[in-house]
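K.L.:
This is the structure, below, for whatever I ask next.
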Amino acid sequence: MMTIIQFAEVLRRFGVDVLLLALGVTFLTSLLKKTVMKSVSKKVFVFLPFGIGILVYAVYALLARGGLCFTAQEALDILSSGLGCGSAATLYYVFYEQFLRGKFTMDPLLPLLVCIPENRRAEAAQRIEAEKDKPDEELTQLVREILAEYADPPLSEEELEATALLITEYISNLT
């Protein structure tokens, strides 16, 4: 169970606006997954919450600010908050899948490893989890190697790099 201090830390790290927008991103991602994007490769769903999160947060920032002029720092803040929105949406989805739909595995990495066959996904997640305390650069390289080893069909170099960076960012948001 989450303590008050842990809850306050989540609010401080993400912000109430990001957490609320992430709920919408979760529902929108699920809706797209079940309707329009039924036949799309499962690899897309690893990145979809993050892309939608960036887009939703950018629209929110535009509406809240009332203009299109942003400094470079503000644009980076929007990108960072959008990624946070995607991370929170992914966490919401994991919570939904694990507790509300009856699948009681406790590994939040599994939804990000859809490029790995289901029978090997838990093993890959355990290997990544064991190394989560490494610096981001080392962790990204390790995740890249694990994805290259386990992914079926194999990922392109660009897919490997993007997925490894995404998983590293996700882990750093979790820890």
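Identifiers in the structure tokens: chain A, B, ... in order shown; residue index from 1 per chain; ligand index from 1 in order shown.
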Write out, as a tab-separated table, each residue of range 124-169 of chain A that has an atom at most 12 Å from range 78-102 of chain A, together with the closest pair of atoms and their distance in Å to one decimal, counting only C-alpha atoms, rows going by chain and rising number.

P.N.:
residue	atom	partner	partner_atom	distance
A:Leu165	CA	A:Leu83	CA	11.9
A:Leu166	CA	A:Leu83	CA	9.4
A:Ile167	CA	A:Ser87	CA	9.9
A:Thr168	CA	A:Ser87	CA	11.3
A:Glu169	CA	A:Ser87	CA	8.5

K.L.:
Going by DSSP on the backbone, which bits of range 12-164 of chain A are alpha helix (DSSP H)? Write them as a PyMOL selection string, please.

P.N.:
chain A and resi 12-14+16-34+44-65+72-95+118-130+136-150+157-164

K.L.:
Could you give me, as JSON lines, every range 14-123 of chain A residue with an atom at most 9 Å from range 138-150 of chain A, plus its closest atom pair and distance in Å to one decimal, counting only C-alpha atoms, rows ordered by chain then number?

P.N.:
{"residue": "A:Leu113", "atom": "CA", "partner": "A:Leu147", "partner_atom": "CA", "distance": 8.3}
{"residue": "A:Cys115", "atom": "CA", "partner": "A:Leu147", "partner_atom": "CA", "distance": 8.1}
{"residue": "A:Ile116", "atom": "CA", "partner": "A:Tyr150", "partner_atom": "CA", "distance": 5.7}
{"residue": "A:Pro117", "atom": "CA", "partner": "A:Tyr150", "partner_atom": "CA", "distance": 7.7}
{"residue": "A:Arg120", "atom": "CA", "partner": "A:Tyr150", "partner_atom": "CA", "distance": 7.3}
{"residue": "A:Arg121", "atom": "CA", "partner": "A:Tyr150", "partner_atom": "CA", "distance": 8.1}

K.L.:
Tell me, as number ranges by chain, which residues lie within 12 Å of Ala130 in chain A, counting only C-alpha atoms; anything in the same chain fewer than 3 positions away does not count.

P.N.:
A: 123-127, 133-134, 139, 142-143, 171

K.L.:
For each of A:Gly66, A:Ile128, A:Lys43, A:Leu109, take the minimum atom-to-atom distance to Asp152 in chain A, counting only C-alpha atoms, then give the residue where this is smallest.

P.N.:
A:Lys43
